[in-house]
file query_36.txt (compact mmCIF, C-alpha atoms)
# COMPACT_ATOMS: atom_id res chain seq x y z
CA MET A 1 -2.88 -20.29 -16.52
CA TRP A 2 -0.57 -19.15 -13.66
CA ILE A 3 -1.79 -15.58 -14.26
CA ILE A 4 -5.10 -16.65 -12.62
CA ALA A 5 -3.30 -16.84 -9.24
CA PRO A 6 -2.37 -13.13 -8.91
CA LEU A 7 -5.77 -12.19 -10.37
CA ILE A 8 -7.57 -14.19 -7.66
CA CYS A 9 -5.21 -12.73 -5.02
CA GLY A 10 -6.15 -9.22 -6.20
CA LEU A 11 -9.84 -10.10 -6.01
CA ILE A 12 -9.49 -11.48 -2.46
CA PHE A 13 -7.46 -8.43 -1.39
CA GLY A 14 -10.10 -6.12 -2.89
CA ALA A 15 -12.89 -8.06 -1.19
CA GLY A 16 -11.05 -7.69 2.13
CA LEU A 17 -10.74 -3.93 1.72
CA LEU A 18 -14.42 -3.68 0.70
CA ILE A 19 -15.83 -5.84 3.53
CA SER A 20 -13.66 -4.20 6.19
CA GLY A 21 -14.67 -0.76 4.92
CA MET A 22 -11.00 0.24 4.53
CA VAL A 23 -11.62 1.21 0.92
CA GLN A 24 -13.48 4.25 2.29
CA PRO A 25 -11.23 7.19 3.29
CA THR A 26 -13.76 8.27 5.96
CA LYS A 27 -13.31 4.92 7.74
CA VAL A 28 -9.50 5.16 7.59
CA LEU A 29 -9.47 8.78 8.79
CA ALA A 30 -11.77 7.82 11.70
CA PHE A 31 -9.03 5.40 12.81
CA LEU A 32 -6.29 8.01 12.44
CA ASP A 33 -8.39 10.61 14.32
CA ILE A 34 -7.47 9.49 17.83
CA PHE A 35 -8.48 12.88 19.26
CA GLY A 36 -11.95 12.73 17.68
CA ALA A 37 -14.64 10.01 17.46
CA TRP A 38 -12.04 7.24 17.30
CA ASP A 39 -12.89 4.10 15.29
CA PRO A 40 -10.41 1.26 16.05
CA SER A 41 -11.61 -0.92 13.12
CA LEU A 42 -8.35 -0.56 11.13
CA ALA A 43 -6.40 -2.04 14.04
CA VAL A 44 -8.71 -5.09 13.98
CA VAL A 45 -8.14 -5.42 10.20
CA MET A 46 -4.37 -5.42 10.70
CA ALA A 47 -4.53 -7.86 13.61
CA ALA A 48 -6.76 -10.27 11.68
CA ALA A 49 -4.57 -10.01 8.57
CA LEU A 50 -1.44 -10.71 10.64
CA ALA A 51 -3.15 -13.67 12.35
CA VAL A 52 -3.29 -15.24 8.87
CA SER A 53 -0.09 -13.89 7.33
CA VAL A 54 2.32 -14.71 10.19
CA PRO A 55 1.72 -18.51 10.02
CA GLY A 56 1.21 -18.30 6.24
CA PHE A 57 4.59 -16.70 5.55
CA ARG A 58 6.22 -19.19 7.91
CA LEU A 59 4.71 -21.93 5.74
CA ALA A 60 6.12 -20.23 2.62
CA ASP A 61 9.55 -20.05 4.26
CA ARG A 62 9.58 -23.84 4.50
CA GLY A 63 8.83 -24.37 0.80
CA ALA A 64 11.73 -24.45 -1.63
CA GLN A 65 9.91 -22.52 -4.34
CA PRO A 66 6.47 -21.05 -5.11
CA TRP A 67 3.87 -23.02 -7.08
CA PHE A 68 4.13 -20.97 -10.29
CA ALA A 69 7.55 -19.28 -10.09
CA GLY A 70 11.17 -20.39 -9.90
CA GLN A 71 11.99 -18.50 -6.71
CA TYR A 72 10.70 -16.34 -3.86
CA PHE A 73 11.25 -12.61 -4.35
CA ARG A 74 11.90 -11.37 -0.82
CA PRO A 75 13.09 -7.89 0.12
CA GLY A 76 16.81 -7.99 0.81
CA LYS A 77 17.39 -4.92 2.98
CA SER A 78 17.31 -5.33 6.73
CA GLY A 79 18.70 -2.17 8.35
CA ILE A 80 16.62 0.86 9.32
CA ASP A 81 17.98 3.86 7.40
CA LEU A 82 17.10 7.49 6.70
CA PRO A 83 15.31 6.87 3.35
CA LEU A 84 13.04 4.32 5.06
CA VAL A 85 12.09 6.69 7.88
CA ALA A 86 11.78 9.78 5.65
CA GLY A 87 9.75 7.90 3.05
CA ALA A 88 7.39 6.42 5.64
CA ALA A 89 6.97 9.88 7.23
CA LEU A 90 6.06 11.50 3.87
CA PHE A 91 3.70 8.64 3.02
CA GLY A 92 1.96 9.03 6.39
CA ILE A 93 1.38 12.75 5.78
CA GLY A 94 -0.20 12.06 2.37
CA TRP A 95 -2.27 9.21 3.83
CA GLY A 96 -3.50 11.44 6.65
CA LEU A 97 -4.41 14.29 4.27
CA VAL A 98 -6.87 12.24 2.20
CA GLY A 99 -7.29 8.82 3.84
CA LEU A 100 -6.16 6.89 0.75
CA CYS A 101 -3.19 4.55 0.55
CA PRO A 102 -2.21 2.77 -2.69
CA GLY A 103 -4.49 -0.31 -2.36
CA PRO A 104 -7.79 1.46 -1.69
CA ALA A 105 -6.83 4.20 -4.19
CA LEU A 106 -6.38 1.71 -7.05
CA GLU A 107 -9.48 -0.25 -6.04
CA SER A 108 -11.56 2.95 -5.96
CA LEU A 109 -10.74 3.55 -9.64
CA ALA A 110 -13.69 1.19 -10.18
CA THR A 111 -16.05 3.98 -9.08
CA LEU A 112 -14.62 6.27 -11.83
CA SER A 113 -14.49 9.07 -9.25
CA PRO A 114 -12.61 12.04 -10.81
CA GLU A 115 -11.00 12.79 -7.43
CA VAL A 116 -9.65 9.23 -7.18
CA ILE A 117 -8.35 9.31 -10.76
CA VAL A 118 -6.48 12.57 -10.04
CA PHE A 119 -5.10 11.10 -6.79
CA VAL A 120 -3.82 7.97 -8.58
CA VAL A 121 -2.22 10.04 -11.37
CA ALA A 122 -0.48 12.21 -8.74
CA MET A 123 0.62 9.07 -6.88
CA ALA A 124 2.10 7.63 -10.09
CA ALA A 125 3.84 10.96 -10.75
CA GLY A 126 5.32 10.88 -7.23
CA MET A 127 6.66 7.37 -7.85
CA VAL A 128 8.14 8.28 -11.24
CA ALA A 129 9.67 11.45 -9.75
CA HIS A 130 11.31 9.39 -6.99
CA ASP A 131 12.76 6.89 -9.45
CA ALA A 132 14.06 9.65 -11.76
CA TRP A 133 15.68 11.40 -8.78
CA GLN A 134 17.34 8.16 -7.64
CA GLN A 135 18.55 7.51 -11.17
CA SER A 136 20.11 10.97 -11.47
CA ARG A 137 21.80 10.55 -8.06
CA LEU A 138 23.27 7.21 -9.14
CA THR A 139 24.52 8.69 -12.40
CA ALA A 140 26.14 11.63 -10.56
CA GLN A 141 27.75 9.22 -8.10
CA ARG A 142 29.17 7.11 -10.93
CA GLU A 143 30.55 10.20 -12.67
CA ARG A 144 32.23 11.33 -9.46
CA LEU A 145 33.78 7.90 -9.05
CA LEU A 146 35.00 7.90 -12.65
CA ALA A 147 36.41 11.42 -12.25
CA SER A 148 38.29 10.54 -9.07
CA ALA A 149 39.63 7.37 -10.71
CA THR A 150 41.08 9.30 -13.64
CA ASP A 151 42.43 12.03 -11.32
CA GLY A 152 44.33 9.46 -9.30
CA MET B 1 -16.50 4.41 19.20
CA ALA B 2 -19.96 4.49 17.60
CA ASN B 3 -18.57 3.54 14.20
CA PHE B 4 -16.51 0.56 15.39
CA THR B 5 -17.20 -2.48 13.16
CA PRO B 6 -15.05 -5.31 14.61
CA VAL B 7 -16.76 -8.23 12.82
CA SER B 8 -16.53 -6.90 9.26
CA ALA B 9 -13.03 -5.59 10.07
CA ALA B 10 -11.93 -9.07 11.20
CA ILE B 11 -13.45 -10.79 8.14
CA GLY B 12 -11.87 -8.26 5.80
CA GLY B 13 -8.53 -8.53 7.58
CA VAL B 14 -8.50 -12.33 7.26
CA LEU B 15 -9.12 -11.98 3.51
CA ILE B 16 -6.28 -9.45 3.14
CA GLY B 17 -3.91 -11.74 5.05
CA LEU B 18 -5.05 -14.72 2.97
CA SER B 19 -4.43 -12.80 -0.26
CA ALA B 20 -0.89 -11.89 0.86
CA VAL B 21 -0.10 -15.50 1.78
CA LEU B 22 -1.57 -16.91 -1.44
CA LEU B 23 0.40 -14.43 -3.57
CA MET B 24 3.61 -15.45 -1.80
CA LEU B 25 2.88 -19.19 -2.08
CA SER B 26 1.79 -19.02 -5.73
CA THR B 27 4.04 -16.41 -7.37
CA GLY B 28 6.64 -15.81 -4.66
CA ARG B 29 5.80 -12.10 -4.49
CA ILE B 30 5.11 -9.68 -1.65
CA ALA B 31 1.58 -8.22 -1.75
CA GLY B 32 2.77 -4.63 -1.39
CA ILE B 33 0.46 -2.53 -3.51
CA SER B 34 2.82 0.43 -3.92
CA GLY B 35 5.56 -1.90 -5.12
CA ILE B 36 3.25 -3.84 -7.44
CA PHE B 37 1.94 -0.61 -8.99
CA SER B 38 5.28 1.20 -9.31
CA GLY B 39 6.69 -1.81 -11.14
CA LEU B 40 4.26 -1.02 -13.95
CA LEU B 41 5.45 2.56 -14.32
CA ASN B 42 8.96 1.94 -15.64
CA LEU B 43 9.45 0.94 -19.24
CA ARG B 44 12.00 -1.75 -18.49
CA GLY B 45 11.34 -5.08 -16.81
CA GLU B 46 9.43 -8.09 -18.05
CA ASP B 47 7.61 -9.09 -14.86
CA LYS B 48 4.53 -6.99 -15.58
CA GLY B 49 1.98 -9.79 -16.14
CA TRP B 50 1.37 -10.74 -12.51
CA ARG B 51 1.27 -7.04 -11.52
CA ILE B 52 -1.42 -6.25 -14.08
CA ALA B 53 -3.38 -9.37 -13.05
CA PHE B 54 -3.28 -8.47 -9.34
CA ILE B 55 -4.34 -4.85 -9.88
CA ALA B 56 -7.05 -5.98 -12.33
CA GLY B 57 -8.41 -8.25 -9.59
CA LEU B 58 -8.28 -5.39 -7.09
CA ILE B 59 -10.31 -3.13 -9.39
CA LEU B 60 -12.69 -5.93 -10.44
CA ALA B 61 -13.62 -6.70 -6.81
CA PRO B 62 -16.01 -3.74 -6.40
CA VAL B 63 -17.35 -4.30 -9.94
CA ILE B 64 -18.31 -7.89 -9.06
CA ALA B 65 -19.65 -6.76 -5.66
CA GLY B 66 -21.83 -4.27 -7.55
CA LEU B 67 -23.19 -7.03 -9.81
CA ILE B 68 -24.35 -9.01 -6.77
CA GLY B 69 -26.00 -5.98 -5.21
CA HIS B 70 -23.25 -4.65 -2.92
CA GLY B 71 -22.01 -1.72 -4.97
CA MET B 72 -19.22 0.41 -3.57
CA ALA B 73 -20.08 3.95 -2.49
CA GLN B 74 -18.15 6.81 -4.12
CA PRO B 75 -15.25 7.55 -1.77
CA LYS B 76 -15.36 10.93 -0.04
CA LEU B 77 -12.25 12.99 -0.76
CA PRO B 78 -11.39 16.56 0.24
CA SER B 79 -12.95 19.23 -1.96
CA SER B 80 -9.58 20.86 -2.65
CA TRP B 81 -7.80 19.57 -5.77
CA ALA B 82 -4.52 20.96 -4.40
CA VAL B 83 -4.84 18.78 -1.29
CA ILE B 84 -5.71 15.69 -3.38
CA ILE B 85 -2.73 16.23 -5.71
CA ALA B 86 -0.33 16.99 -2.85
CA ALA B 87 -1.48 13.88 -0.98
CA GLY B 88 -1.10 11.72 -4.09
CA LEU B 89 2.43 13.02 -4.71
CA LEU B 90 3.41 12.41 -1.06
CA VAL B 91 1.96 8.88 -1.08
CA GLY B 92 3.72 8.04 -4.36
CA PHE B 93 7.11 9.55 -3.51
CA GLY B 94 7.02 8.43 0.14
CA THR B 95 6.14 4.80 -0.57
CA ARG B 96 8.95 4.54 -3.14
CA LEU B 97 11.52 6.17 -0.84
CA GLY B 98 10.37 4.12 2.15
CA GLY B 99 10.03 0.94 0.11
CA GLY B 100 6.41 0.14 0.92
CA CYS B 101 2.98 1.14 2.16
CA THR B 102 0.28 -0.15 4.51
CA SER B 103 0.14 -3.55 2.78
CA GLY B 104 3.82 -4.22 2.04
CA HIS B 105 5.23 -2.96 5.36
CA GLY B 106 2.10 -3.14 7.53
CA ILE B 107 0.87 -6.63 6.63
CA CYS B 108 3.61 -8.56 4.79
CA GLY B 109 6.69 -7.00 6.39
CA ILE B 110 5.43 -7.19 9.97
CA ALA B 111 4.32 -10.78 9.32
CA ARG B 112 7.91 -11.55 8.31
CA LEU B 113 9.05 -9.74 11.52
CA SER B 114 11.16 -7.33 9.43
CA PRO B 115 12.59 -4.55 11.65
CA ARG B 116 12.42 -2.17 8.64
CA SER B 117 8.71 -2.80 8.19
CA ILE B 118 7.92 -2.49 11.89
CA ALA B 119 9.80 0.84 11.98
CA ALA B 120 8.14 2.10 8.78
CA THR B 121 4.66 1.19 10.03
CA ILE B 122 5.20 3.02 13.32
CA VAL B 123 6.51 6.10 11.47
CA PHE B 124 3.70 6.36 8.90
CA MET B 125 1.04 5.71 11.55
CA VAL B 126 2.48 8.51 13.72
CA THR B 127 2.78 11.09 10.91
CA ALA B 128 -0.71 10.17 9.63
CA VAL B 129 -2.22 10.62 13.12
CA ILE B 130 -0.42 13.97 13.50
CA THR B 131 -1.62 15.08 10.05
CA VAL B 132 -5.25 14.24 10.89
CA ALA B 133 -4.95 15.90 14.30
CA VAL B 134 -3.58 19.08 12.71
CA THR B 135 -6.06 19.25 9.80
CA ARG B 136 -9.11 18.36 11.90
CA HIS B 137 -8.44 19.80 15.34
CA VAL B 138 -5.89 22.58 14.87
CA LEU B 139 -6.70 24.02 11.43
CA GLY B 140 -10.25 22.72 11.05
CA GLY B 141 -11.31 23.21 14.70
call {"tool": "encode", "arguments": {"input": "query_36.txt", "output": "structure tokens"}}
result
Amino acid sequence: MWIIAPLICGLIFGAGLLISGMVQPTKVLAFLDIFGAWDPSLAVVMAAALAVSVPGFRLADRGAQPWFAGQYFRPGKSGIDLPLVAGAALFGIGWGLVGLCPGPALESLATLSPEVIVFVVAMAAGMVAHDAWQQSRLTAQRERLLASATDG
Amino acid sequence: MANFTPVSAAIGGVLIGLSAVLLMLSTGRIAGISGIFSGLLNLRGEDKGWRIAFIAGLILAPVIAGLIGHGMAQPKLPSSWAVIIAAGLLVGFGTRLGGGCTSGHGICGIARLSPRSIAATIVFMVTAVITVAVTRHVLGG
């Protein structure tokens, strides 16, 4: 029955993107187009979301464990590093090119738009490519370590 | 600012924030869509159930809205397949490298006052604004 919780969360998230209009790339691009006919709606969406999530996450911090799981899964990293900045920069370029980020892209699959399907497949390929690249870097690093250990 | 829709934006934003809080309180997970989705793409890992459920809900939302007479319009994307594919690759690779997207960094991370998320959100906002400025006003002008 716990699986109902993330399903309902997905529904609420999708409803939020639909009602705010953020599921539409034209609406998102109108926010990003500060030199054109600027539409500040996305800033209001973020502010309203944060007005709920800031106190909500504080509430979660006080609880020992979630309702349907043994522990909270919180991101561990805290420092700002090159991968973070480079990744965010690349993501922003892709977002600005089309006006789709992962949430609205997945939600728009419901329209069966061929363009959206191709975008989501490319997005998945980008994710898989990143993970394969990281994996090969880790393997190379381990081999170097092993080699230097046997040399010494 | 003819297209500014503050009321629907505020209602939608509250729902997005509520969803993120409920997911954290119920399953202990961050509502970062790029992270939720990418977790489905590797063959290992057993925690796929909640990811599938969340994304199913996300996709079902417009289906249900359509049933009650508020169907979602087909999103308008660029006519060039090359641009669509390039953008998809950049969004996929970039969100994995940067560890999040608009929801994970922009809503959940900032709400947790994470310096990483605040930095990431500033960076992707700036590069997205520059990209739109270049495509619309430099190349497209």
call {"tool": "closest_atom_pairs", "arguments": {"input": "query_36.txt", "of": "stretch 105-134 of chain A", "to": "stretch 84-94 of chain B", "cutoff": "9 Å", "atoms": "all atoms listed in the file", "output": "CSV"}}
result
residue,atom,partner,partner_atom,distance
A:Glu115,CA,B:Ile84,CA,7.3
A:Val116,CA,B:Ile84,CA,8.5
A:Val118,CA,B:Ile85,CA,6.8
A:Phe119,CA,B:Gly88,CA,4.9
A:Val120,CA,B:Gly88,CA,6.5
A:Val121,CA,B:Gly88,CA,7.6
A:Ala122,CA,B:Gly88,CA,4.7
A:Met123,CA,B:Gly92,CA,4.1
A:Ala124,CA,B:Gly92,CA,6.0
A:Ala125,CA,B:Leu89,CA,6.5
A:Gly126,CA,B:Phe93,CA,4.3
A:Met127,CA,B:Gly92,CA,4.6
A:Val128,CA,B:Phe93,CA,7.9
A:Ala129,CA,B:Phe93,CA,7.0
A:His130,CA,B:Phe93,CA,5.5
A:Asp131,CA,B:Phe93,CA,8.6
call {"tool": "interface_residues", "arguments": {"input": "query_36.txt", "of": "chain A", "to": "chain B", "cutoff": "6 Å", "atoms": "only C-alpha atoms", "output": "ChimeraX atom specification"}}
result
/A:6-7,9-16,19-20,24,32-33,38-39,41,44-45,48-50,52-54,56,60,66-69,72-73,80,83-84,87-94,96,102-103,107,110,119,122-124,126-127,130
call {"tool": "closest_residue", "arguments": {"input": "query_36.txt", "among": "A:Ala64, A:Leu17, A:Ala47, A:Ala5", "to": "A:Pro104", "atoms": "only C-alpha atoms"}}
result
A:Leu17
call {"tool": "atom_distance", "arguments": {"input": "query_36.txt", "atom1": "atom CA of A:Leu42", "atom2": "atom CA of A:Met22"}}
result
7.2 Å
call {"tool": "atom_distance", "arguments": {"input": "query_36.txt", "atom1": "atom CA of A:Gly76", "atom2": "atom CA of A:Leu138"}}
result
19.3 Å
call {"tool": "atom_distance", "arguments": {"input": "query_36.txt", "atom1": "atom CA of B:Gly104", "atom2": "atom CA of A:Arg74"}}
result
11.2 Å
call {"tool": "closest_residue", "arguments": {"input": "query_36.txt", "among": "A:Ala30, A:Gln71, A:Trp2, A:Leu18", "to": "A:Gly99", "atoms": "only C-alpha atoms"}}
result
A:Ala30
